[in-house]
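J.: My structure is stored as query07.txt, with compact mmCIF, C-alpha atoms and all ligand atoms.
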# COMPACT_ATOMS: atom_id res chain seq x y z
CA MET A 1 226.97 -7.87 10.81
CA ILE A 2 226.30 -8.47 14.50
CA ARG A 3 225.85 -11.99 15.87
CA ILE A 4 224.15 -12.83 19.15
CA SER A 5 224.96 -16.32 20.41
CA LYS A 6 222.42 -18.55 22.11
CA GLU A 7 224.13 -18.12 25.48
CA HIS A 8 222.26 -14.79 25.65
CA VAL A 9 218.85 -16.19 26.55
CA ILE A 10 215.85 -14.71 28.28
CA HIS A 11 212.70 -16.48 29.51
CA ALA A 12 210.60 -13.33 29.77
CA HIS A 13 210.44 -10.20 27.63
CA SER A 14 211.24 -7.51 30.18
CA PRO A 15 211.87 -3.76 30.07
CA LEU A 16 214.63 -4.37 32.65
CA ASP A 17 216.66 -6.81 30.53
CA THR A 18 220.30 -6.01 29.87
CA PRO A 19 220.85 -5.89 26.10
CA ALA A 20 223.02 -8.63 24.60
CA ALA A 21 224.05 -6.22 21.82
CA ALA A 22 223.21 -2.80 20.39
CA ALA A 23 222.83 -1.91 16.72
CA ASP A 24 221.97 1.07 14.57
CA PRO A 25 218.77 0.84 12.51
CA GLY A 26 219.45 -0.98 9.25
CA THR A 27 222.02 -3.33 10.74
CA VAL A 28 221.90 -7.02 9.78
CA VAL A 29 221.89 -9.21 12.88
CA GLU A 30 222.16 -12.98 13.23
CA PHE A 31 220.50 -14.64 16.23
CA GLU A 32 221.59 -18.15 17.23
CA THR A 33 218.72 -19.93 18.99
CA TYR A 34 218.15 -22.96 21.19
CA ASP A 35 215.13 -25.18 20.63
CA CYS A 36 212.15 -24.61 22.97
CA PHE A 37 213.53 -27.16 25.45
CA GLN A 38 216.85 -25.28 25.63
CA GLY A 39 218.50 -28.43 24.31
CA GLN A 40 217.46 -30.58 27.26
CA MET A 41 215.51 -33.16 25.23
CA LEU A 42 218.15 -33.70 22.55
CA PRO A 43 220.15 -36.48 24.28
CA GLU A 44 218.79 -39.93 23.40
CA GLY A 45 216.77 -41.16 26.38
CA ALA A 46 216.03 -37.70 27.82
CA THR A 47 212.51 -37.51 29.28
CA TYR A 48 210.25 -35.00 31.00
CA ALA A 49 211.18 -36.63 34.32
CA THR A 50 214.44 -34.68 34.39
CA TYR A 51 213.28 -31.71 32.34
CA ASP A 52 213.65 -28.29 33.97
CA ARG A 53 210.51 -26.43 32.83
CA SER A 54 211.86 -23.10 34.06
CA LEU A 55 214.16 -23.15 31.03
CA ALA A 56 211.31 -23.67 28.52
CA ASN A 57 210.92 -21.46 25.46
CA PRO A 58 214.14 -19.44 25.64
CA ALA A 59 214.56 -16.45 23.33
CA THR A 60 217.93 -15.10 22.24
CA GLY A 61 218.68 -11.45 22.90
CA PRO A 62 217.63 -8.84 23.56
CA LEU A 63 218.93 -6.52 20.85
CA TYR A 64 218.90 -2.80 21.60
CA ILE A 65 218.14 -0.70 18.52
CA ASN A 66 219.80 2.68 18.86
CA GLY A 67 217.28 5.52 18.71
CA ALA A 68 214.19 3.33 19.19
CA GLU A 69 211.63 5.00 21.47
CA PRO A 70 208.10 4.22 22.68
CA GLY A 71 205.63 4.83 19.84
CA ASP A 72 208.08 3.70 17.14
CA THR A 73 207.86 0.47 15.17
CA LEU A 74 210.65 -2.02 14.52
CA LYS A 75 210.57 -3.14 10.88
CA ILE A 76 212.13 -6.59 10.96
CA THR A 77 213.01 -8.05 7.57
CA ILE A 78 213.57 -11.78 8.02
CA GLN A 79 216.32 -12.62 5.56
CA LYS A 80 217.10 -16.18 6.53
CA VAL A 81 215.79 -18.90 8.88
CA GLU A 82 218.14 -21.87 9.10
CA VAL A 83 217.15 -24.84 11.24
CA GLY A 84 219.47 -27.31 12.97
CA PRO A 85 219.99 -31.03 12.28
CA MET A 86 217.58 -32.48 14.87
CA GLY A 87 214.01 -31.60 15.77
CA ILE A 88 211.84 -32.72 18.70
CA LEU A 89 208.13 -33.40 18.39
CA ASP A 90 205.75 -34.50 21.10
CA VAL A 91 202.04 -35.17 21.39
CA GLY A 92 199.54 -36.43 23.96
CA GLY A 93 199.63 -36.81 27.71
CA SER A 94 197.95 -34.22 29.87
CA ARG A 95 199.68 -31.21 28.35
CA SER A 96 198.09 -28.43 26.32
CA GLY A 97 196.54 -28.78 22.89
CA ALA A 98 193.22 -30.06 21.56
CA LEU A 99 194.68 -33.53 20.97
CA SER A 100 195.85 -34.04 24.55
CA GLY A 101 192.79 -35.97 25.73
CA CYS A 102 192.81 -38.21 22.67
CA LEU A 103 196.02 -40.08 23.44
CA SER A 104 196.75 -42.39 26.35
CA ARG A 105 200.15 -40.86 27.14
CA ASN A 106 202.80 -38.46 25.90
CA TYR A 107 204.93 -39.50 22.93
CA LEU A 108 208.21 -37.82 22.04
CA LYS A 109 210.21 -38.26 18.84
CA ARG A 110 213.64 -37.01 17.78
CA LEU A 111 213.43 -36.22 14.08
CA PRO A 112 216.51 -35.78 11.86
CA VAL A 113 216.25 -32.74 9.60
CA HIS A 114 218.41 -32.57 6.51
CA ASP A 115 218.22 -32.08 2.76
CA GLY A 116 215.25 -29.77 3.30
CA HIS A 117 213.14 -32.54 4.84
CA ILE A 118 212.03 -33.86 8.22
CA TRP A 119 212.72 -37.58 8.27
CA TYR A 120 209.76 -38.89 10.30
CA THR A 121 210.83 -42.36 9.17
CA ASP A 122 213.09 -43.45 6.32
CA GLN A 123 209.95 -43.64 4.18
CA ILE A 124 208.01 -40.62 5.47
CA ARG A 125 209.82 -37.39 4.66
CA ILE A 126 208.09 -34.03 5.01
CA PRO A 127 209.46 -30.86 3.39
CA VAL A 128 210.48 -28.28 6.02
CA ARG A 129 208.57 -25.01 6.45
CA PRO A 130 210.82 -23.15 8.91
CA MET A 131 209.19 -20.46 11.06
CA ILE A 132 209.88 -18.38 14.16
CA GLY A 133 207.59 -19.20 17.10
CA VAL A 134 208.73 -16.48 19.53
CA ILE A 135 209.72 -12.98 18.45
CA GLY A 136 209.02 -9.90 20.48
CA THR A 137 210.05 -6.57 21.90
CA ALA A 138 209.90 -5.74 25.61
CA PRO A 139 206.51 -4.72 27.04
CA ALA A 140 206.22 -1.35 28.78
CA GLU A 141 205.89 -2.52 32.36
CA GLU A 142 205.62 -6.05 33.77
CA PRO A 143 207.81 -8.79 32.23
CA VAL A 144 205.88 -11.23 30.01
CA SER A 145 206.95 -14.90 29.83
CA THR A 146 208.34 -16.04 26.49
CA ARG A 147 205.49 -18.61 26.53
CA THR A 148 202.90 -15.84 26.23
CA PRO A 149 201.91 -13.79 23.17
CA MET A 150 200.67 -10.23 23.61
CA ASN A 151 200.92 -6.91 21.75
CA HIS A 152 204.72 -6.93 22.00
CA GLY A 153 204.68 -10.16 19.93
CA GLY A 154 206.21 -13.03 21.88
CA ASN A 155 204.98 -16.60 21.50
CA MET A 156 202.68 -15.88 18.54
CA ASP A 157 203.45 -19.17 16.73
CA CYS A 158 202.43 -17.69 13.40
CA THR A 159 203.59 -19.85 10.49
CA ARG A 160 203.91 -16.77 8.28
CA ILE A 161 206.75 -15.38 10.43
CA ALA A 162 209.31 -16.96 8.18
CA GLU A 163 212.07 -16.24 5.70
CA GLY A 164 211.05 -13.49 3.27
CA SER A 165 208.45 -11.83 5.48
CA ILE A 166 208.61 -8.49 7.27
CA LEU A 167 207.37 -8.20 10.84
CA TYR A 168 206.42 -4.83 12.30
CA LEU A 169 206.57 -4.81 16.11
CA PRO A 170 205.70 -1.94 18.43
CA VAL A 171 208.43 -0.35 20.56
CA PHE A 172 207.32 0.11 24.17
CA VAL A 173 210.69 0.87 25.82
CA LYS A 174 213.88 2.58 24.71
CA GLY A 175 215.88 0.37 22.33
CA GLY A 176 212.89 -1.90 21.68
CA LEU A 177 214.76 -4.93 23.13
CA LEU A 178 214.12 -7.51 20.40
CA ALA A 179 214.49 -11.21 21.24
CA LEU A 180 213.52 -14.37 19.37
CA GLY A 181 213.61 -18.15 19.50
CA ASP A 182 211.35 -21.23 19.43
CA LEU A 183 212.00 -22.10 15.79
CA HIS A 184 209.90 -24.83 14.19
CA ALA A 185 211.07 -26.91 11.21
CA ILE A 186 207.35 -27.20 10.50
CA MET A 187 204.08 -26.60 12.33
CA GLY A 188 200.51 -27.10 11.19
CA GLU A 189 198.14 -24.12 11.47
CA GLY A 190 196.70 -24.05 15.01
CA GLU A 191 199.49 -26.04 16.70
CA VAL A 192 196.81 -28.57 17.63
CA GLY A 193 198.90 -31.13 19.50
CA ASN A 194 201.26 -29.22 21.72
CA CYS A 195 204.18 -28.09 19.60
CA GLY A 196 205.78 -27.94 16.18
CA VAL A 197 208.97 -29.75 15.20
CA GLU A 198 210.97 -27.86 17.83
CA ILE A 199 214.47 -27.07 16.68
CA SER A 200 217.55 -24.91 17.20
CA GLY A 201 218.83 -22.65 14.44
CA ASN A 202 219.95 -19.28 13.19
CA VAL A 203 217.86 -16.30 12.13
CA THR A 204 219.31 -13.46 10.07
CA LEU A 205 217.32 -10.26 10.01
CA ARG A 206 217.59 -6.57 9.31
CA ALA A 207 216.08 -4.28 11.93
CA ASP A 208 214.92 -0.88 10.69
CA LEU A 209 213.12 1.82 12.60
CA GLN A 210 209.89 3.62 11.74
CA LYS A 211 209.39 6.67 13.92
CA GLN A 212 206.18 7.36 15.84
CA THR A 213 203.87 5.08 13.89
CA ARG A 214 201.90 4.50 17.11
CA ARG A 215 200.60 1.12 15.98
CA PRO A 216 200.52 -0.84 19.26
CA TRP A 217 200.14 -4.35 17.86
CA PRO A 218 202.06 -6.73 15.54
CA LEU A 219 201.66 -6.46 11.78
CA LEU A 220 203.18 -8.81 9.22
CA GLU A 221 203.92 -8.37 5.53
CA THR A 222 204.58 -11.22 3.13
CA PRO A 223 205.17 -10.87 -0.63
CA ASP A 224 201.42 -11.28 -1.20
CA HIS A 225 199.61 -10.29 2.01
CA TRP A 226 199.20 -7.82 4.87
CA ILE A 227 198.49 -9.73 8.08
CA SER A 228 197.30 -8.55 11.50
CA ILE A 229 198.15 -10.82 14.46
CA ALA A 230 196.16 -10.69 17.72
CA TYR A 231 195.97 -12.52 21.04
CA GLY A 232 193.23 -13.28 23.53
CA ASP A 233 192.06 -15.50 26.39
CA THR A 234 189.99 -17.39 23.86
CA LEU A 235 190.21 -17.94 20.13
CA ASP A 236 187.00 -15.90 19.74
CA ILE A 237 188.61 -12.88 21.36
CA ALA A 238 191.88 -13.27 19.43
CA SER A 239 189.97 -13.66 16.15
CA GLU A 240 187.78 -10.61 16.68
CA LYS A 241 190.82 -8.52 17.61
CA ALA A 242 192.72 -9.64 14.49
CA VAL A 243 189.77 -8.62 12.29
CA ARG A 244 189.32 -5.23 14.00
CA GLN A 245 193.06 -4.49 13.89
CA MET A 246 193.08 -5.10 10.14
CA PHE A 247 190.01 -2.87 9.71
CA CYS A 248 191.83 -0.07 11.61
CA TYR A 249 194.95 -0.63 9.51
CA LEU A 250 193.05 -0.29 6.22
CA ARG A 251 191.17 2.78 7.46
CA GLN A 252 193.99 4.64 9.22
CA GLU A 253 196.97 3.83 7.00
CA TYR A 254 195.31 3.86 3.57
CA GLY A 255 192.24 6.01 4.20
CA LEU A 256 189.99 3.31 2.80
CA PRO A 257 186.30 4.25 3.29
CA GLU A 258 184.59 2.12 5.93
CA ASP A 259 182.21 0.41 3.51
CA ASP A 260 185.02 -0.56 1.13
CA ALA A 261 187.31 -1.67 3.96
CA GLY A 262 184.58 -3.85 5.46
CA MET A 263 183.50 -5.32 2.15
CA LEU A 264 187.08 -6.01 1.01
CA MET A 265 187.64 -7.96 4.23
CA GLU A 266 184.30 -9.73 3.98
CA MET A 267 184.87 -10.81 0.38
CA SER A 268 188.52 -11.75 0.36
CA GLY A 269 190.14 -11.58 3.81
CA ASP A 270 191.09 -14.78 5.61
CA LEU A 271 190.81 -15.33 9.37
CA ILE A 272 193.23 -18.07 10.43
CA THR A 273 194.09 -19.71 13.76
CA CYS A 274 197.77 -19.41 14.63
CA GLN A 275 197.78 -21.50 17.81
CA ILE A 276 195.45 -22.81 20.51
CA VAL A 277 198.03 -24.07 23.03
CA ASN A 278 199.68 -21.03 24.63
CA PRO A 279 198.49 -19.08 27.71
CA TYR A 280 196.83 -16.67 25.23
CA LYS A 281 195.56 -17.92 21.85
CA THR A 282 196.61 -16.16 18.64
CA ALA A 283 194.78 -15.57 15.38
CA ARG A 284 195.59 -13.64 12.24
CA PHE A 285 193.72 -11.90 9.44
CA GLU A 286 195.21 -11.85 5.94
CA VAL A 287 194.42 -9.36 3.18
CA SER A 288 195.69 -9.75 -0.37
CA LYS A 289 197.99 -6.90 -1.43
CA LYS A 290 196.78 -7.30 -5.02
CA ILE A 291 193.11 -6.84 -4.12
CA LEU A 292 193.93 -3.95 -1.75
CA ALA A 293 195.84 -2.24 -4.59
CA GLU A 294 192.76 -2.50 -6.84
CA PHE A 295 190.63 -0.87 -4.14
CA LEU A 296 193.18 1.92 -3.60
CA GLU A 297 193.45 2.66 -7.31
CA ASN A 298 189.70 2.89 -7.71
CA THR A 299 188.37 4.52 -4.54
CA GLU A 300 188.73 7.99 -3.03
CA PRO A 301 190.58 8.01 0.29
CA CYS A 302 188.38 9.41 3.03
CA TRP A 303 190.87 11.85 4.52
CA CA B 1 205.66 -21.56 20.60
CA CA B 2 207.51 -24.26 19.94
Please rewrite the model in this file as structure tokens.
T.:
Amino acid sequence: MIRISKEHVIHAHSPLDTPAAAADPGTVVEFETYDCFQGQMLPEGATYATYDRSLANPATGPLYINGAEPGDTLKITIQKVEVGPMGILDVGGSRSGALSGCLSRNYLKRLPVHDGHIWYTDQIRIPVRPMIGVIGTAPAEEPVSTRTPMNHGGNMDCTRIAEGSILYLPVFVKGGLLALGDLHAIMGEGEVGNCGVEISGNVTLRADLQKQTRRPWPLLETPDHWISIAYGDTLDIASEKAVRQMFCYLRQEYGLPEDDAGMLMEMSGDLITCQIVNPYKTARFEVSKKILAEFLENTEPCW
């Protein structure tokens, strides 16, 4: 197993990044990650007054996958997401998020996390739902900030990117250059305030390679669902893209006839907001594997 320590951080996904490590496809790799503040807000009494925003949202990596070339897909099986002992949560002030205008100022809380719970107070304990906020390959040309989600992945803030799921990310440059960070101990759908319970941790994954799939956007698989993830300037654009990407996936990869693909999605697919706080918004569209299997068993593929 290869381990990449959190000292190997990037703040933009870039085709020019020097790899922190290289691995053959199928290798298990552990990534140690900072929280999204790169640890700056952990000391008691730390405030935004002394916070260096240029260090925000670090991602650990990148990992070079031997043999990965543009047009391939990285198949990333997320085996384990372990979160650290202390999370940071903030809300309000003039920062991003739909709640920002509702509060008179910014509030920040340090929240102990142990025994599978976030201890908001001694009485209020919330079960953790660990997830990976930032996970991406390098884009083909210009570097993209780790605050921004695009087709390479990045700051998607999708709650389904969690232990037990498989993320398929496009490869745009040789080696793919996979990096990840911005773990959340929990985050509500939409990330409506400004953040999740931001936390350091460790992610163990297996990175496999699928050759020349030519699927230029992120796809996610959970035990029960196929999920397209899309970004846009607005939630409307992100939502429409997520729906259309799923339609293309059902048509191109399963040969589902257009009427069945559309009606399956209309009847049983779910369009969900991932987040509304990042430079681009993200949305996802979920299709039940069980219902898709029934369609595939009982319809003629159109190829
Ligand atoms: Ca994030
Ligand atoms: Ca975050």
J.: For ligand CA 1 (chain B), collect every residue having any atom at a distance of at most 7 Å from a ligand atom (counting all atoms listed in the file); output as a list of chain:residue names.
T.: A:Gly133, A:Val134, A:Arg147, A:Asn155, A:Met156, A:Asp157, A:Asp182, A:Cys195
J.: Can you spit out the residues from that selection as an mmCIF file, in the frame of the given file, using C-alpha atoms?
T.:
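And here is the file that came out, part.cif:
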data_model
loop_
_atom_site.group_PDB
_atom_site.id
_atom_site.type_symbol
_atom_site.label_atom_id
_atom_site.label_comp_id
_atom_site.auth_asym_id
_atom_site.auth_seq_id
_atom_site.Cartn_x
_atom_site.Cartn_y
_atom_site.Cartn_z
ATOM 1 C CA GLY A 133 207.590 -19.200 17.100
ATOM 2 C CA VAL A 134 208.730 -16.480 19.530
ATOM 3 C CA ARG A 147 205.490 -18.610 26.530
ATOM 4 C CA ASN A 155 204.980 -16.600 21.500
ATOM 5 C CA MET A 156 202.680 -15.880 18.540
ATOM 6 C CA ASP A 157 203.450 -19.170 16.730
ATOM 7 C CA ASP A 182 211.350 -21.230 19.430
ATOM 8 C CA CYS A 195 204.180 -28.090 19.600
#
J.: Closest to Thr18 of chain A among A:Ala179, A:Ser268, A:Trp303, A:Pro70, using only C-alpha atoms?
T.: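 Smallest separation from Thr18 of chain A among the options: A:Ala179.
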J.: What are the closest atom pairs, with distances in Å to one decimal, for all residues of chain A lying within 12 Å of ligand CA 2 (chain B)? Consider only C-alpha atoms and all ligand atoms, order rows by chain and residue number, and present the result as JSON lines.
T.:
{"residue": "A:Tyr34", "atom": "CA", "partner": "B:CA2", "partner_atom": "CA", "distance": 10.8}
{"residue": "A:Asp35", "atom": "CA", "partner": "B:CA2", "partner_atom": "CA", "distance": 7.7}
{"residue": "A:Cys36", "atom": "CA", "partner": "B:CA2", "partner_atom": "CA", "distance": 5.6}
{"residue": "A:Phe37", "atom": "CA", "partner": "B:CA2", "partner_atom": "CA", "distance": 8.7}
{"residue": "A:Gln38", "atom": "CA", "partner": "B:CA2", "partner_atom": "CA", "distance": 11.0}
{"residue": "A:Ala56", "atom": "CA", "partner": "B:CA2", "partner_atom": "CA", "distance": 9.4}
{"residue": "A:Asn57", "atom": "CA", "partner": "B:CA2", "partner_atom": "CA", "distance": 7.1}
{"residue": "A:Pro58", "atom": "CA", "partner": "B:CA2", "partner_atom": "CA", "distance": 10.0}
{"residue": "A:Ala59", "atom": "CA", "partner": "B:CA2", "partner_atom": "CA", "distance": 11.1}
{"residue": "A:Gly87", "atom": "CA", "partner": "B:CA2", "partner_atom": "CA", "distance": 10.7}
{"residue": "A:Ile88", "atom": "CA", "partner": "B:CA2", "partner_atom": "CA", "distance": 9.6}
{"residue": "A:Leu89", "atom": "CA", "partner": "B:CA2", "partner_atom": "CA", "distance": 9.3}
{"residue": "A:Asp90", "atom": "CA", "partner": "B:CA2", "partner_atom": "CA", "distance": 10.5}
{"residue": "A:Pro130", "atom": "CA", "partner": "B:CA2", "partner_atom": "CA", "distance": 11.6}
{"residue": "A:Met131", "atom": "CA", "partner": "B:CA2", "partner_atom": "CA", "distance": 9.8}
{"residue": "A:Ile132", "atom": "CA", "partner": "B:CA2", "partner_atom": "CA", "distance": 8.6}
{"residue": "A:Gly133", "atom": "CA", "partner": "B:CA2", "partner_atom": "CA", "distance": 5.8}
{"residue": "A:Val134", "atom": "CA", "partner": "B:CA2", "partner_atom": "CA", "distance": 7.9}
{"residue": "A:Ile135", "atom": "CA", "partner": "B:CA2", "partner_atom": "CA", "distance": 11.6}
{"residue": "A:Thr146", "atom": "CA", "partner": "B:CA2", "partner_atom": "CA", "distance": 10.5}
{"residue": "A:Arg147", "atom": "CA", "partner": "B:CA2", "partner_atom": "CA", "distance": 8.9}
{"residue": "A:Thr148", "atom": "CA", "partner": "B:CA2", "partner_atom": "CA", "distance": 11.5}
{"residue": "A:Gly154", "atom": "CA", "partner": "B:CA2", "partner_atom": "CA", "distance": 11.5}
{"residue": "A:Asn155", "atom": "CA", "partner": "B:CA2", "partner_atom": "CA", "distance": 8.2}
{"residue": "A:Met156", "atom": "CA", "partner": "B:CA2", "partner_atom": "CA", "distance": 9.8}
{"residue": "A:Asp157", "atom": "CA", "partner": "B:CA2", "partner_atom": "CA", "distance": 7.3}
{"residue": "A:Cys158", "atom": "CA", "partner": "B:CA2", "partner_atom": "CA", "distance": 10.6}
{"residue": "A:Thr159", "atom": "CA", "partner": "B:CA2", "partner_atom": "CA", "distance": 11.1}
{"residue": "A:Leu180", "atom": "CA", "partner": "B:CA2", "partner_atom": "CA", "distance": 11.6}
{"residue": "A:Gly181", "atom": "CA", "partner": "B:CA2", "partner_atom": "CA", "distance": 8.6}
{"residue": "A:Asp182", "atom": "CA", "partner": "B:CA2", "partner_atom": "CA", "distance": 4.9}
{"residue": "A:Leu183", "atom": "CA", "partner": "B:CA2", "partner_atom": "CA", "distance": 6.5}
{"residue": "A:His184", "atom": "CA", "partner": "B:CA2", "partner_atom": "CA", "distance": 6.3}
{"residue": "A:Ala185", "atom": "CA", "partner": "B:CA2", "partner_atom": "CA", "distance": 9.8}
{"residue": "A:Ile186", "atom": "CA", "partner": "B:CA2", "partner_atom": "CA", "distance": 9.9}
{"residue": "A:Met187", "atom": "CA", "partner": "B:CA2", "partner_atom": "CA", "distance": 8.7}
{"residue": "A:Gly188", "atom": "CA", "partner": "B:CA2", "partner_atom": "CA", "distance": 11.6}
{"residue": "A:Gly190", "atom": "CA", "partner": "B:CA2", "partner_atom": "CA", "distance": 11.9}
{"residue": "A:Glu191", "atom": "CA", "partner": "B:CA2", "partner_atom": "CA", "distance": 8.8}
{"residue": "A:Val192", "atom": "CA", "partner": "B:CA2", "partner_atom": "CA", "distance": 11.8}
{"residue": "A:Gly193", "atom": "CA", "partner": "B:CA2", "partner_atom": "CA", "distance": 11.0}
{"residue": "A:Asn194", "atom": "CA", "partner": "B:CA2", "partner_atom": "CA", "distance": 8.2}
{"residue": "A:Cys195", "atom": "CA", "partner": "B:CA2", "partner_atom": "CA", "distance": 5.1}
{"residue": "A:Gly196", "atom": "CA", "partner": "B:CA2", "partner_atom": "CA", "distance": 5.5}
{"residue": "A:Val197", "atom": "CA", "partner": "B:CA2", "partner_atom": "CA", "distance": 7.4}
{"residue": "A:Glu198", "atom": "CA", "partner": "B:CA2", "partner_atom": "CA", "distance": 5.4}
{"residue": "A:Ile199", "atom": "CA", "partner": "B:CA2", "partner_atom": "CA", "distance": 8.2}
{"residue": "A:Ser200", "atom": "CA", "partner": "B:CA2", "partner_atom": "CA", "distance": 10.4}
{"residue": "A:Gln275", "atom": "CA", "partner": "B:CA2", "partner_atom": "CA", "distance": 10.3}
{"residue": "A:Val277", "atom": "CA", "partner": "B:CA2", "partner_atom": "CA", "distance": 10.0}
{"residue": "A:Asn278", "atom": "CA", "partner": "B:CA2", "partner_atom": "CA", "distance": 9.7}
J.: Pick out the closest residue to Phe247 of chain A from this set: A:Leu264, A:Leu42, A:Ala283, A:Cys102. Count only C-alpha atoms.
T.: A:Leu264
J.: For atom CA of Glu221 of chain A and atom CA of His152 of chain A, determine how far apart the two atoms are, in Å to one decimal place.
T.: 16.6 Å
J.: Give the answer as one residue: which of A:Glu69, A:Asp115, A:Glu286, A:Asp208 has the shortest atom-to-atom distance to Asp224 of chain A, using all atoms listed in the file?
T.: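 Once distances to Asp224 of chain A are computed over all atoms listed in the file, the minimum belongs to A:Glu286.
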J.: Please indicate the distance in Å from atom CA of Phe172 of chain A to atom CA of Ala68 of chain A, rounded to one decimal place.
T.: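 If I compute the distance from atom CA of Phe172 of chain A to atom CA of Ala68 of chain A, I get 9.1 Å.
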J.: Hey, which of A:Pro149, A:Pro15, A:Pro216, A:Pro25 ends up closest to Gly67 of chain A? Count only C-alpha atoms.
T.: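 Under the stated criterion, the closest residue is A:Pro25.
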J.: Please report the interatomic distance between atom CA of Gly164 of chain A and atom CA of Ala12 of chain A in Å with one decimal.
T.: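 So the two atoms, atom CA of Gly164 of chain A and atom CA of Ala12 of chain A, lie 26.5 Å apart.
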J.: Residues at most 12 Å from Met263 of chain A, counting all atoms listed in the file, excluding those fewer than 3 positions away in the same chain, as a list in words?
T.: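 These residues fall inside the cut-off: Phe247, Leu250, Leu256, Pro257, Glu258, Asp259, Asp260, Glu266, Met267, Ser268, Gly269, Val287, Ile291, Leu292 and Phe295 of chain A.
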J.: Pick out the residues sitting within 10 Å of Pro143 of chain A, and hand them over as number ranges by chain; count all atoms listed in the file, and ignore anything fewer than 5 positions along from it in its own chain.
T.: A: 11-17, 138
J.: Give me a file of those residues, with C-alpha atoms, as a CSV table (one decimal), in the frame of the given file.
T.:
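Result went into result-v5.csv, see below:
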chain,number,residue,atom,x,y,z
A,11,HIS,CA,212.7,-16.5,29.5
A,12,ALA,CA,210.6,-13.3,29.8
A,13,HIS,CA,210.4,-10.2,27.6
A,14,SER,CA,211.2,-7.5,30.2
A,15,PRO,CA,211.9,-3.8,30.1
A,16,LEU,CA,214.6,-4.4,32.6
A,17,ASP,CA,216.7,-6.8,30.5
A,138,ALA,CA,209.9,-5.7,25.6
J.: Between A:Thr234, A:Thr73, A:Thr137, A:Thr33, which is the closest to Leu219 of chain A once you count only C-alpha atoms?
T.: A:Thr73
J.: With a distance cut-off of 7 Å and all atoms listed in the file, select the neighbouring residues of segment 64-66 of chain A, excluding the residue or stretch itself and same-chain residues fewer than 4 positions from it, and output the selection as a ChimeraX atom specification.
T.: /A:19,21-25,175-178
J.: Hey, which of A:His8, A:Lys281, A:Arg3, A:Lys174 ends up closest to Arg206 of chain A? Count only C-alpha atoms.
T.: A:Arg3
J.: Which polymer residues have any atom within 9 Å of an atom of Leu220 of chain A, counting all atoms listed in the file, with same-chain residues fewer than 5 positions away left out, as a tab-separated table (two decimals) with C-alpha atoms, in the frame of the given file?
T.:
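Result file follows (result-v6.tsv):
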chain	number	residue	atom	x	y	z
A	160	ARG	CA	203.91	-16.77	8.28
A	161	ILE	CA	206.75	-15.38	10.43
A	165	SER	CA	208.45	-11.83	5.48
A	166	ILE	CA	208.61	-8.49	7.27
A	167	LEU	CA	207.37	-8.20	10.84
A	168	TYR	CA	206.42	-4.83	12.30
A	169	LEU	CA	206.57	-4.81	16.11
A	225	HIS	CA	199.61	-10.29	2.01
A	226	TRP	CA	199.20	-7.82	4.87
A	227	ILE	CA	198.49	-9.73	8.08
A	228	SER	CA	197.30	-8.55	11.50
A	229	ILE	CA	198.15	-10.82	14.46
